[in-house]
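Structure data (JSON, C-alpha atoms) from structure.json:
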[["chain", "number", "residue", "atom", "x", "y", "z"],
["A", 1, "ALA", "CA", 0.00, 0.00, 0.00],
["A", 2, "GLU", "CA", 2.94, 2.34, 0.55],
["A", 3, "HIS", "CA", 5.44, 0.87, -1.92],
["A", 4, "PRO", "CA", 7.11, 3.78, -3.76],
["A", 5, "ILE", "CA", 6.81, 2.04, -7.15],
["A", 6, "LEU", "CA", 3.78, -0.26, -6.90],
["A", 7, "ARG", "CA", 1.32, 2.16, -5.30],
["A", 8, "PRO", "CA", 1.71, 5.01, -7.83],
["A", 9, "LEU", "CA", 1.61, 2.45, -10.63],
["A", 10, "LEU", "CA", -1.68, 0.95, -9.41],
["A", 11, "ASP", "CA", -3.17, 4.41, -8.86],
["A", 12, "ASN", "CA", -2.29, 5.38, -12.44],
["A", 13, "LEU", "CA", -3.66, 2.15, -13.92],
["A", 14, "LEU", "CA", -6.76, 1.62, -11.77],
["A", 15, "GLY", "CA", -7.54, 4.96, -10.17],
["A", 16, "PRO", "CA", -7.29, 5.85, -6.47],
["A", 17, "SER", "CA", -7.97, 3.29, -3.75],
["A", 18, "SER", "CA", -8.24, 0.18, -5.94],
["A", 19, "SER", "CA", -10.10, -2.81, -4.47],
["A", 20, "LEU", "CA", -8.67, -6.20, -3.57],
["A", 21, "VAL", "CA", -10.78, -8.77, -5.49],
["A", 22, "ALA", "CA", -8.67, -11.95, -5.47],
["A", 23, "PHE", "CA", -5.90, -13.54, -3.46],
["A", 24, "SER", "CA", -4.53, -17.04, -3.97],
["A", 25, "VAL", "CA", -1.34, -19.07, -3.72],
["A", 26, "ILE", "CA", -0.63, -21.63, -6.47],
["A", 27, "THR", "CA", 1.90, -24.44, -6.15],
["A", 28, "ASN", "CA", 3.49, -26.14, -9.16],
["A", 29, "LEU", "CA", 4.96, -29.59, -8.39],
["A", 30, "TYR", "CA", 7.62, -31.31, -10.43],
["A", 31, "GLY", "CA", 5.95, -33.08, -13.35],
["A", 32, "ALA", "CA", 3.18, -30.51, -13.75],
["A", 33, "GLU", "CA", 2.38, -29.87, -17.41],
["A", 34, "ASP", "CA", 2.01, -26.61, -19.28],
["A", 35, "GLN", "CA", -1.20, -24.73, -18.66],
["A", 36, "ASN", "CA", -3.17, -23.54, -21.67],
["A", 37, "TRP", "CA", -2.77, -19.91, -22.73],
["A", 38, "HIS", "CA", -5.67, -17.89, -21.38],
["A", 39, "TRP", "CA", -6.79, -14.53, -20.08],
["A", 40, "ASP", "CA", -8.43, -14.14, -16.70],
["A", 41, "THR", "CA", -11.32, -12.03, -17.93],
["A", 42, "GLY", "CA", -13.82, -13.05, -20.57],
["A", 43, "THR", "CA", -15.69, -9.75, -21.02],
["A", 44, "SER", "CA", -13.76, -6.74, -19.82],
["A", 45, "THR", "CA", -12.18, -3.39, -20.56],
["A", 46, "ALA", "CA", -10.49, -4.87, -23.63],
["A", 47, "VAL", "CA", -13.78, -4.68, -25.53],
["A", 48, "TYR", "CA", -16.10, -2.68, -23.24],
["A", 49, "PRO", "CA", -14.03, 0.00, -21.48],
["A", 50, "ASP", "CA", -17.10, 2.03, -20.51],
["A", 51, "TYR", "CA", -18.85, -0.90, -18.80],
["A", 52, "PHE", "CA", -16.12, -2.67, -16.84],
["A", 53, "VAL", "CA", -13.34, -1.55, -14.52],
["A", 54, "PRO", "CA", -9.77, -2.70, -15.29],
["A", 55, "GLU", "CA", -8.06, -5.43, -13.28],
["A", 56, "TYR", "CA", -4.37, -6.11, -12.69],
["A", 57, "THR", "CA", -2.75, -9.08, -10.96],
["A", 58, "LEU", "CA", 0.46, -8.95, -8.96],
["A", 59, "ALA", "CA", 2.38, -12.27, -9.06],
["A", 60, "ILE", "CA", 5.02, -12.76, -6.35],
["A", 61, "PRO", "CA", 7.18, -15.93, -6.47],
["A", 62, "LEU", "CA", 8.10, -17.22, -3.02],
["A", 63, "GLN", "CA", 11.40, -18.72, -4.25],
["A", 64, "ARG", "CA", 13.78, -18.21, -7.14],
["A", 65, "THR", "CA", 11.79, -19.30, -10.19],
["A", 66, "THR", "CA", 13.19, -20.36, -13.57],
["A", 67, "THR", "CA", 11.46, -21.23, -16.82],
["A", 68, "ASP", "CA", 11.97, -24.97, -16.21],
["A", 69, "MET", "CA", 10.26, -24.62, -12.81],
["A", 70, "GLY", "CA", 7.12, -23.17, -14.37],
["A", 71, "ALA", "CA", 7.67, -19.42, -14.49],
["A", 72, "THR", "CA", 4.56, -17.61, -15.75],
["A", 73, "GLY", "CA", 4.51, -17.08, -19.51],
["A", 74, "ILE", "CA", 3.29, -13.78, -20.95],
["A", 75, "CYS", "CA", 2.02, -12.75, -24.41],
["A", 76, "PRO", "CA", 2.81, -9.00, -24.59],
["A", 77, "GLY", "CA", 0.24, -6.81, -26.30],
["A", 78, "THR", "CA", -2.61, -9.32, -26.21],
["A", 79, "GLN", "CA", -4.47, -7.18, -23.67],
["A", 80, "MET", "CA", -5.03, -4.51, -26.32],
["A", 81, "CYS", "CA", -7.63, -6.32, -28.41],
["A", 82, "GLU", "CA", -10.18, -9.12, -28.21],
["A", 83, "TYR", "CA", -8.04, -11.51, -30.27],
["A", 84, "PRO", "CA", -4.23, -11.63, -30.42],
["A", 85, "ALA", "CA", -2.74, -10.07, -33.54],
["A", 86, "PHE", "CA", -0.94, -13.20, -34.76],
["A", 87, "ASN", "CA", -0.50, -14.37, -38.32],
["A", 88, "TRP", "CA", -3.32, -16.87, -37.91],
["A", 89, "GLU", "CA", -3.18, -18.10, -41.50],
["A", 90, "GLU", "CA", 0.51, -18.95, -41.26],
["A", 91, "LEU", "CA", 0.02, -20.70, -37.91],
["A", 92, "GLU", "CA", -2.89, -22.75, -39.23],
["A", 93, "ASP", "CA", -0.85, -23.77, -42.28],
["A", 94, "PHE", "CA", 1.90, -24.95, -39.93],
["A", 95, "TYR", "CA", -0.59, -26.98, -37.90],
["A", 96, "ASN", "CA", -2.07, -28.58, -41.04],
["A", 97, "GLU", "CA", 1.38, -29.47, -42.37],
["A", 98, "ASN", "CA", 2.17, -31.26, -39.08],
["A", 99, "PHE", "CA", -1.32, -32.61, -38.50],
["A", 100, "ASP", "CA", -0.20, -36.24, -38.12],
["A", 101, "GLU", "CA", 2.19, -35.24, -35.34],
["A", 102, "TYR", "CA", -0.30, -33.09, -33.39],
["A", 103, "PHE", "CA", -3.60, -34.87, -34.01],
["A", 104, "TYR", "CA", -3.68, -37.09, -30.92],
["A", 105, "ASP", "CA", -2.84, -34.26, -28.50],
["A", 106, "TYR", "CA", -4.56, -31.44, -30.40],
["A", 107, "PRO", "CA", -7.44, -32.67, -32.59],
["A", 108, "ASP", "CA", -8.04, -29.25, -34.13],
["A", 109, "PHE", "CA", -6.24, -25.98, -34.74],
["A", 110, "ASP", "CA", -8.01, -24.02, -32.01],
["A", 111, "ASN", "CA", -7.03, -26.58, -29.42],
["A", 112, "TRP", "CA", -3.44, -26.56, -30.66],
["A", 113, "MET", "CA", -3.31, -22.76, -30.37],
["A", 114, "GLU", "CA", -4.38, -22.92, -26.73],
["A", 115, "TYR", "CA", -1.03, -24.51, -25.92],
["A", 116, "ASN", "CA", 1.23, -23.29, -28.72],
["A", 117, "MET", "CA", 0.84, -19.53, -29.00],
["A", 118, "PRO", "CA", 4.04, -17.92, -30.36],
["A", 119, "CYS", "CA", 4.90, -16.27, -27.03],
["A", 120, "ASP", "CA", 8.36, -16.88, -25.56],
["A", 121, "LEU", "CA", 8.46, -14.38, -22.68],
["A", 122, "THR", "CA", 8.61, -15.94, -19.21],
["A", 123, "ALA", "CA", 8.72, -14.13, -15.89],
["A", 124, "GLU", "CA", 11.80, -15.62, -14.25],
["A", 125, "GLY", "CA", 12.69, -13.97, -10.97],
["A", 126, "GLU", "CA", 14.00, -14.13, -7.44],
["A", 127, "ALA", "CA", 11.94, -14.74, -4.31],
["A", 128, "GLY", "CA", 9.89, -11.65, -3.51],
["A", 129, "ASP", "CA", 10.06, -10.16, -7.00],
["A", 130, "GLY", "CA", 6.78, -8.91, -8.39],
["A", 131, "MET", "CA", 5.23, -9.02, -11.86],
["A", 132, "LEU", "CA", 2.16, -6.88, -12.49],
["A", 133, "TYR", "CA", 0.05, -7.84, -15.51],
["A", 134, "ASN", "CA", -3.30, -6.86, -17.00],
["A", 135, "ALA", "CA", -6.01, -9.50, -16.42],
["A", 136, "ASP", "CA", -6.86, -9.25, -20.14],
["A", 137, "ILE", "CA", -3.41, -10.40, -21.26],
["A", 138, "TYR", "CA", -2.83, -13.96, -22.45],
["A", 139, "HIS", "CA", -0.61, -15.82, -19.97],
["A", 140, "ARG", "CA", -0.08, -19.29, -18.53],
["A", 141, "GLY", "CA", 1.70, -21.23, -15.84],
["A", 142, "ALA", "CA", 4.41, -23.30, -17.51],
["A", 143, "GLY", "CA", 5.15, -26.93, -16.63],
["A", 144, "HIS", "CA", 7.67, -27.93, -13.96],
["A", 145, "TYR", "CA", 10.39, -29.94, -15.73],
["A", 146, "ASP", "CA", 13.38, -29.52, -13.38],
["A", 147, "PRO", "CA", 13.75, -32.57, -11.09],
["A", 148, "ASP", "CA", 16.38, -30.81, -9.00],
["A", 149, "ALA", "CA", 14.35, -27.67, -8.35],
["A", 150, "PRO", "CA", 11.91, -27.13, -5.48],
["A", 151, "GLU", "CA", 8.19, -26.64, -5.86],
["A", 152, "ARG", "CA", 7.20, -23.41, -7.56],
["A", 153, "VAL", "CA", 4.97, -21.40, -5.24],
["A", 154, "VAL", "CA", 3.53, -18.05, -6.36],
["A", 155, "ALA", "CA", 1.16, -15.67, -4.58],
["A", 156, "PHE", "CA", -1.36, -13.84, -6.77],
["A", 157, "LEU", "CA", -3.12, -10.64, -5.67],
["A", 158, "THR", "CA", -5.65, -9.07, -8.02],
["A", 159, "PHE", "CA", -6.76, -5.46, -7.76],
["A", 160, "ALA", "CA", -9.66, -3.84, -9.62],
["A", 161, "GLY", "CA", -10.52, -0.21, -10.10],
["A", 162, "SER", "CA", -12.98, 0.93, -7.43],
["A", 163, "ARG", "CA", -16.13, 2.83, -8.31],
["A", 164, "GLN", "CA", -15.40, 6.52, -7.95],
["A", 165, "GLY", "CA", -18.71, 7.57, -6.42],
["A", 166, "PRO", "CA", -22.46, 7.01, -7.00],
["A", 167, "HIS", "CA", -22.23, 8.14, -10.63],
["A", 168, "ASP", "CA", -19.81, 5.32, -11.51],
["A", 169, "LYS", "CA", -21.97, 2.46, -12.85],
["A", 170, "ARG", "CA", -19.18, 0.22, -14.14],
["A", 171, "SER", "CA", -19.02, -3.47, -13.20],
["A", 172, "LEU", "CA", -16.32, -5.96, -12.36],
["A", 173, "PRO", "CA", -15.11, -7.82, -15.47],
["A", 174, "LEU", "CA", -16.85, -11.09, -16.26],
["A", 175, "GLY", "CA", -14.91, -14.33, -16.26],
["A", 176, "THR", "CA", -12.49, -13.37, -13.50],
["A", 177, "VAL", "CA", -11.85, -15.98, -10.81],
["A", 178, "HIS", "CA", -12.44, -13.93, -7.66],
["A", 179, "THR", "CA", -10.71, -16.26, -5.21],
["A", 180, "LEU", "CA", -11.19, -14.16, -2.09],
["A", 181, "ARG", "CA", -12.46, -15.04, 1.38],
["A", 182, "TRP", "CA", -15.91, -13.62, 1.98],
["A", 183, "ASN", "CA", -14.76, -11.36, 4.83],
["A", 184, "ASN", "CA", -11.93, -9.84, 2.76],
["A", 185, "TRP", "CA", -14.33, -8.16, 0.34],
["A", 186, "GLY", "CA", -15.06, -4.47, 0.72],
["A", 187, "HIS", "CA", -11.46, -3.37, 1.28],
["A", 188, "THR", "CA", -9.09, -1.24, -0.78],
["A", 189, "ILE", "CA", -5.34, -1.05, -1.05],
["A", 190, "ASP", "CA", -5.49, 1.75, 1.54],
["A", 191, "ASP", "CA", -6.53, -0.80, 4.18],
["A", 192, "PHE", "CA", -3.25, -2.70, 3.79],
["A", 193, "SER", "CA", -1.29, 0.11, 5.43],
["A", 194, "THR", "CA", -3.57, 0.27, 8.49],
["A", 195, "MET", "CA", -4.59, -3.37, 8.94],
["A", 196, "LYS", "CA", -2.37, -3.83, 12.02],
["A", 197, "GLU", "CA", -3.78, -0.79, 13.83],
["A", 198, "HIS", "CA", -7.31, -1.15, 12.44],
["A", 199, "PRO", "CA", -8.19, -4.79, 11.62],
["A", 200, "TRP", "CA", -10.48, -5.26, 8.66],
["A", 201, "ARG", "CA", -14.14, -5.01, 9.54],
["A", 202, "ILE", "CA", -16.43, -7.87, 8.59],
["A", 203, "TRP", "CA", -19.29, -5.49, 7.81],
["A", 204, "HIS", "CA", -17.17, -3.90, 5.06],
["A", 205, "ALA", "CA", -17.67, -7.13, 3.10],
["A", 206, "PHE", "CA", -21.35, -6.21, 2.80],
["A", 207, "GLY", "CA", -20.68, -2.61, 1.74],
["A", 208, "LEU", "CA", -21.46, -1.16, 5.18],
["A", 209, "PHE", "CA", -19.01, 1.70, 5.58],
["A", 210, "ARG", "CA", -19.17, 5.47, 5.65],
["A", 211, "PRO", "CA", -18.41, 6.82, 2.16],
["A", 212, "ARG", "CA", -17.03, 10.09, 3.52],
["A", 213, "ASN", "CA", -14.15, 8.17, 5.07],
["A", 214, "ARG", "CA", -13.21, 6.88, 1.62],
["A", 215, "ASN", "CA", -13.54, 10.11, -0.37],
["A", 216, "GLY", "CA", -16.57, 8.76, -2.22],
["A", 217, "VAL", "CA", -14.77, 5.58, -3.36],
["A", 218, "ARG", "CA", -16.95, 2.47, -3.27],
["A", 219, "PRO", "CA", -14.92, -0.76, -2.95],
["A", 220, "TRP", "CA", -16.25, -3.97, -4.45],
["A", 221, "ASN", "CA", -18.01, -6.03, -1.82],
["A", 222, "LEU", "CA", -19.33, -9.56, -1.39],
["A", 223, "LEU", "CA", -22.80, -8.71, -2.71],
["A", 224, "ASP", "CA", -21.26, -7.32, -5.91],
["A", 225, "ASP", "CA", -19.45, -10.61, -6.45],
["A", 226, "ILE", "CA", -22.61, -12.69, -5.90],
["A", 227, "LEU", "CA", -24.68, -10.48, -8.21],
["A", 228, "LEU", "CA", -22.21, -11.14, -11.04],
["A", 229, "ILE", "CA", -23.71, -14.62, -11.48],
["A", 230, "PHE", "CA", -26.82, -13.00, -12.97],
["A", 231, "LYS", "CA", -24.84, -11.08, -15.61],
["A", 232, "ASP", "CA", -23.52, -14.12, -17.42],
["A", 233, "ASP", "CA", -24.66, -17.77, -17.52],
["A", 234, "GLU", "CA", -21.10, -19.05, -17.01],
["A", 235, "GLU", "CA", -20.15, -16.63, -14.25],
["A", 236, "ASN", "CA", -19.43, -18.26, -10.88],
["A", 237, "SER", "CA", -19.41, -16.94, -7.34],
["A", 238, "HIS", "CA", -16.38, -18.77, -5.99],
["A", 239, "VAL", "CA", -16.85, -17.41, -2.49],
["A", 240, "ILE", "CA", -19.88, -19.74, -2.26],
["A", 241, "ALA", "CA", -18.70, -22.67, -4.41],
["A", 242, "ASN", "CA", -16.58, -23.21, -7.50],
["A", 243, "ASP", "CA", -19.65, -24.05, -9.58],
["A", 244, "PHE", "CA", -22.17, -21.66, -8.01],
["A", 245, "ASN", "CA", -23.67, -19.67, -10.87],
["A", 246, "ALA", "CA", -27.06, -18.52, -12.08],
["A", 247, "GLU", "CA", -27.97, -22.07, -13.14],
["A", 248, "ALA", "CA", -27.03, -23.46, -9.73],
["A", 249, "PHE", "CA", -28.88, -20.63, -8.01],
["A", 250, "SER", "CA", -31.99, -21.30, -10.10],
["A", 251, "ALA", "CA", -31.78, -25.00, -9.25],
["A", 252, "ILE", "CA", -31.55, -24.20, -5.54],
["A", 253, "VAL", "CA", -34.46, -21.76, -5.72],
["A", 254, "SER", "CA", -36.55, -24.33, -7.67],
["A", 255, "ALA", "CA", -35.77, -27.00, -5.10],
["A", 256, "VAL", "CA", -36.68, -24.67, -2.21],
["A", 257, "LEU", "CA", -39.94, -23.69, -3.91],
["A", 258, "ALA", "CA", -40.75, -27.35, -4.61],
["A", 259, "TYR", "CA", -40.14, -28.36, -0.98],
["A", 260, "THR", "CA", -42.12, -25.36, 0.20],
["A", 261, "ALA", "CA", -45.03, -26.31, -2.07],
["A", 262, "VAL", "CA", -44.96, -29.90, -0.81],
["A", 263, "ALA", "CA", -44.74, -28.77, 2.82],
["A", 264, "THR", "CA", -47.59, -26.31, 2.29],
["A", 265, "GLY", "CA", -49.70, -29.01, 0.63],
["A", 266, "VAL", "CA", -49.07, -31.44, 3.49],
["A", 267, "TYR", "CA", -49.82, -28.72, 6.01],
["A", 268, "MET", "CA", -53.05, -27.69, 4.30],
["A", 269, "THR", "CA", -54.10, -31.35, 4.02],
["A", 270, "LEU", "CA", -53.33, -32.40, 7.58],
["A", 271, "VAL", "CA", -54.43, -29.29, 9.46],
["A", 272, "PRO", "CA", -58.18, -29.85, 8.79],
["A", 273, "PHE", "CA", -57.88, -33.41, 10.09],
["A", 274, "PHE", "CA", -56.07, -32.23, 13.22],
["A", 275, "MET", "CA", -58.66, -29.51, 13.74],
["A", 276, "LEU", "CA", -61.53, -32.01, 13.28],
["A", 277, "ALA", "CA", -59.88, -34.43, 15.68],
["A", 278, "LEU", "CA", -59.38, -31.64, 18.21],
["A", 279, "ILE", "CA", -63.04, -30.57, 17.91],
["A", 280, "LEU", "CA", -64.23, -34.16, 18.37],
["A", 281, "ILE", "CA", -62.03, -34.54, 21.44],
["A", 282, "LEU", "CA", -63.39, -31.29, 22.91],
["A", 283, "ILE", "CA", -67.01, -32.33, 22.19],
["A", 284, "SER", "CA", -66.41, -35.75, 23.74],
["A", 285, "ARG", "CA", -64.80, -34.16, 26.79],
["A", 286, "THR", "CA", -67.66, -31.67, 27.17],
["A", 287, "ASN", "CA", -70.25, -34.44, 26.96],
["A", 288, "SER", "CA", -68.38, -36.43, 29.57],
["A", 289, "GLU", "CA", -68.33, -33.46, 31.92],
["A", 290, "LYS", "CA", -72.07, -32.90, 31.37],
["A", 291, "SER", "CA", -72.74, -36.57, 32.09],
["A", 292, "LEU", "CA", -70.86, -36.30, 35.37],
["A", 293, "VAL", "CA", -72.77, -33.20, 36.38],
["A", 294, "ASN", "CA", -76.19, -34.75, 35.63],
["A", 295, "THR", "CA", -75.46, -38.00, 37.45],
["A", 296, "PRO", "CA", -77.36, -38.02, 40.80],
["A", 297, "VAL", "CA", -75.26, -38.41, 43.92],
["A", 298, "LYS", "CA", -76.39, -41.12, 46.36],
["A", 299, "HIS", "CA", -76.17, -40.37, 50.07]]

Render the structure in this file as structure tokens.
Amino acid sequence: AEHPILRPLLDNLLGPSSSLVAFSVITNLYGAEDQNWHWDTGTSTAVYPDYFVPEYTLAIPLQRTTTDMGATGICPGTQMCEYPAFNWEELEDFYNENFDEYFYDYPDFDNWMEYNMPCDLTAEGEAGDGMLYNADIYHRGAGHYDPDAPERVVAFLTFAGSRQGPHDKRSLPLGTVHTLRWNNWGHTIDDFSTMKEHPWRIWHAFGLFRPRNRNGVRPWNLLDDILLIFKDDEENSHVIANDFNAEAFSAIVSAVLAYTAVATGVYMTLVPFFMLALILILISRTNSEKSLVNTPVKH
């Protein structure tokens, strides 16, 4: 939060008081294979800059990391457009010429491209180094092929531009894996510098804070993350479950409504019988009491 290089950089890229939206630690064991090339956001500022806030991820290796250990690969410039500006025709010709060699692993050209993009840049570094990259850029975790090297462990922190007041109607990008504990939502990079003196408040996760203390900035909160599932059919709320999306939510709601309908039907069916039984018991008891009262007492 107070780093002389990182903080001004994030402020320039994301605006003041950017929000923490993801935090994870990924371990690459020896023998792990190459990940496919991908971007973290499916619909974002790359194509809709007026509708979505930008996101940047800070990757910090926890040990010296080489290419053979699985250093993160980067495709520079691919964050600038929806599709990378490769010579697709030449690449497809190459795939077709070597079809017999690639067919079993990559049955079609699109699948082959997922693992064979012409990108040779890898982020080798020492423990504690940081690499900041746009969530729209194509990247991947490489395989771990060095039997003499330790496990590759990298911490990933993702920050998104915060809404700059009530007039800011932008959304978080779709497709991002927001791996963040539920009670860590609702905080900005400013909170990192005061977390020891002022521990993070749980109610901030639900957007309950005084805006004047944040200069009108509205951090992304837990409710924002959950509401994303209704913006896209494939969007997931990972704070609830890895596969919790609009379809799962609809299934849960349908099940609850079905059980409620059944319970209501049973209740409406049984209650009249219980009421009738209760009335009969009361009538029988009243008649018994009357019988006792009318019975003459012998002296």

*asked:* One decimal, in Å: what's the spacing between atom CA of A:Asp168 and atom CA of A:Gln79?
replied: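 Between atom CA of A:Asp168 and atom CA of A:Gln79 the gap is 23.2 Å.
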
_Using all atoms listed in the file, can you tell me which of A:Leu174, A:Val253, A:Tyr145, A:Met113 comes closest to A:Val47?_
A:Leu174

_Report, in Å to a single decimal, how far apart atom CA of A:Asp40 and atom CA of A:Val177 are._
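Atom CA of A:Val177 sits 7.1 Å away from atom CA of A:Asp40.
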
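Coordinates place atom CA of A:Cys119 at a distance of 12.7 Å from atom CA of A:Asn87.
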
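Checking A:Gly186, A:Pro118, A:Gly128, A:Pro76 one by one against A:Gln63, counting all atoms listed in the file, you find the shortest gap at A:Gly128.
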
_Residues within 10 Å of A:Ile60, please, as a count of residues only. Count all atoms listed in the file; anything in the same chain fewer than 3 positions from it doesn't count._
16

*If I put a ball of radius 9 Å at (-22.8, -5.3, 1.0) in the file's coordinates, which residues poke into it when counting all atoms listed in the file, written as a ChimeraX atom specification?*
/A:185-186,203-208,220-224

*Neighbours of stretch 67-72 of chain A within 10 Å (only C-alpha atoms; same-chain residues fewer than 3 positions away dropped), as a PyMOL selection string?*
chain A and resi 27-35+59+61+64+121-125+131+139-154

Hey, can you spit out that residue selection with C-alpha atoms as a compact mmCIF listing (two decimals), keeping the file's coordinate frame?
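To be explicit, this is the file written out as again_20.txt:
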# COMPACT_ATOMS: atom_id res chain seq x y z
CA THR A 27 1.90 -24.44 -6.15
CA ASN A 28 3.49 -26.14 -9.16
CA LEU A 29 4.96 -29.59 -8.39
CA TYR A 30 7.62 -31.31 -10.43
CA GLY A 31 5.95 -33.08 -13.35
CA ALA A 32 3.18 -30.51 -13.75
CA GLU A 33 2.38 -29.87 -17.41
CA ASP A 34 2.01 -26.61 -19.28
CA GLN A 35 -1.20 -24.73 -18.66
CA ALA A 59 2.38 -12.27 -9.06
CA PRO A 61 7.18 -15.93 -6.47
CA ARG A 64 13.78 -18.21 -7.14
CA LEU A 121 8.46 -14.38 -22.68
CA THR A 122 8.61 -15.94 -19.21
CA ALA A 123 8.72 -14.13 -15.89
CA GLU A 124 11.80 -15.62 -14.25
CA GLY A 125 12.69 -13.97 -10.97
CA MET A 131 5.23 -9.02 -11.86
CA HIS A 139 -0.61 -15.82 -19.97
CA ARG A 140 -0.08 -19.29 -18.53
CA GLY A 141 1.70 -21.23 -15.84
CA ALA A 142 4.41 -23.30 -17.51
CA GLY A 143 5.15 -26.93 -16.63
CA HIS A 144 7.67 -27.93 -13.96
CA TYR A 145 10.39 -29.94 -15.73
CA ASP A 146 13.38 -29.52 -13.38
CA PRO A 147 13.75 -32.57 -11.09
CA ASP A 148 16.38 -30.81 -9.00
CA ALA A 149 14.35 -27.67 -8.35
CA PRO A 150 11.91 -27.13 -5.48
CA GLU A 151 8.19 -26.64 -5.86
CA ARG A 152 7.20 -23.41 -7.56
CA VAL A 153 4.97 -21.40 -5.24
CA VAL A 154 3.53 -18.05 -6.36

*Just the residues within 9 Å of A:Lys169, please, counting only C-alpha atoms, with nothing from its chain fewer than 5 positions along; format it as a ChimeraX atom specification.*
/A:51-52,163

Quick one: write out the picked residues with C-alpha atoms as a PDB file, in the coordinates of the input?
ATOM      1  CA  TYR A  51     -18.850  -0.900 -18.800  1.00  0.00           C
ATOM      2  CA  PHE A  52     -16.120  -2.670 -16.840  1.00  0.00           C
ATOM      3  CA  ARG A 163     -16.130   2.830  -8.310  1.00  0.00           C
TER       4      ARG A 163
END

*Using all atoms listed in the file, pick whichever of A:Thr269, A:Thr194, A:Ser19, A:Asn184 has the shortest atom-to-atom distance to A:Ser162.*
A:Ser19

*asked:* Which residue is closest to A:Asn183? Choose from A:Leu9, A:Ala22, A:Pro84, A:His167 and count all atoms listed in the file.
replied: A:Ala22

*Using only C-alpha atoms: which of A:Cys81, A:Leu20, A:Leu91, A:Leu270 has the shortest distance to A:Tyr56*: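 Under the stated criterion, the closest residue is A:Leu20.
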
*Using only C-alpha atoms, which of the listed residues (A:Arg170, A:Leu276, A:Thr66, A:Asn36) sits closest to A:Asn111?*
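Ranking A:Arg170, A:Leu276, A:Thr66, A:Asn36 by distance to A:Asn111, first place goes to A:Asn36.
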
What are the centre and the three edge lengths of an axis-aligned box that wraps all atoms of stretch 6-14 of chain A in the file, given that 4 Å is added to every side, written as AutoDock Vina command-line options and rounded to one decimal in Å?
--center_x -1.5 --center_y 2.6 --center_z -9.6 --size_x 18.5 --size_y 13.6 --size_z 16.6
